[in-house]
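Structure first, then comments.
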Amino acid sequence: MEADKINQAPQSELFIRDHLAGYRTELANRRTLLAYIRTVLSLVAAALVFIKFWKHPIVIGLGWALLPIAAVILIRGLLTYRRINRVVRREEKKTGESDGPFR
């Protein structure tokens with residue numbers, strides 16, 4: 001009896017590989033957001049070091065220039081995350097899957 005259950009196709013319309021693909025997509029999206037955040041933190045740390053510890057005006061100017069660049073990268077990362085998240089949710093609705101990964 002157990003062998004019959006193992007060899008049967010899943011009851012849902014989506015097979016296990018489709019469910020796992022959803023998880024992989026969600027994890028990749030989160031990993032990308034974390035990479036953006038890591039980059040922003042590195043830029044802010046470098047900017048603060050340049051501003052605080054160097055006395056040369058060009059280096060201080062470079063530090064001040066890194067701060068808005070970090071803000072732009074953070075905004076882009078958040079927008080990318082939201083855009084991909086909306087696409088994934090839209091695809092879930094098309095397939096009729098009500099409980100997406102990590103909910």
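Within each chain, counting starts at residue 1; across the structure tokens, chains are named A, B, ... in the order shown, with ligands numbered 1 upward in that order.
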- [ ] Would you list the contacts of Leu43 (chain A) as number ranges by chain, taking every protein, DNA or RNA residue within 10 Å and counting only C-alpha atoms, but skipping same-chain residues closer than 3 positions in sequence?
- [x] A: 37-40, 46-49, 63, 66-71, 73
Open item on the list: Given only C-alpha atoms as the basis, pick out the residue of A:Asn29, A:Phe50, A:Ile16, A:Leu62 nearest to Val87 (chain A).
Closed with: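 Answer, going by the shortest atom-to-atom distance: A:Asn29.
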- [ ] Could you jot down the CA of Tyr36 (chain A) to CA of Gly22 (chain A) separation for me, Å, one decimal place?
- [x]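 So the two atoms, CA of Tyr36 (chain A) and CA of Gly22 (chain A), lie 21.4 Å apart.
Straight-line separation from CA of Gly61 (chain A) to CA of Ser42 (chain A): 17.1 Å.
Neighbouring residues of Leu27 (chain A) at 12 Å or closer, counting only C-alpha atoms and skipping chain neighbours under 4 positions away, are Leu20, Ala21, Gly22, Tyr23, Arg31, Thr32, Leu33, Leu34, Tyr81, Ile84, Asn85, Val88, Pro101 and Phe102 of chain A.
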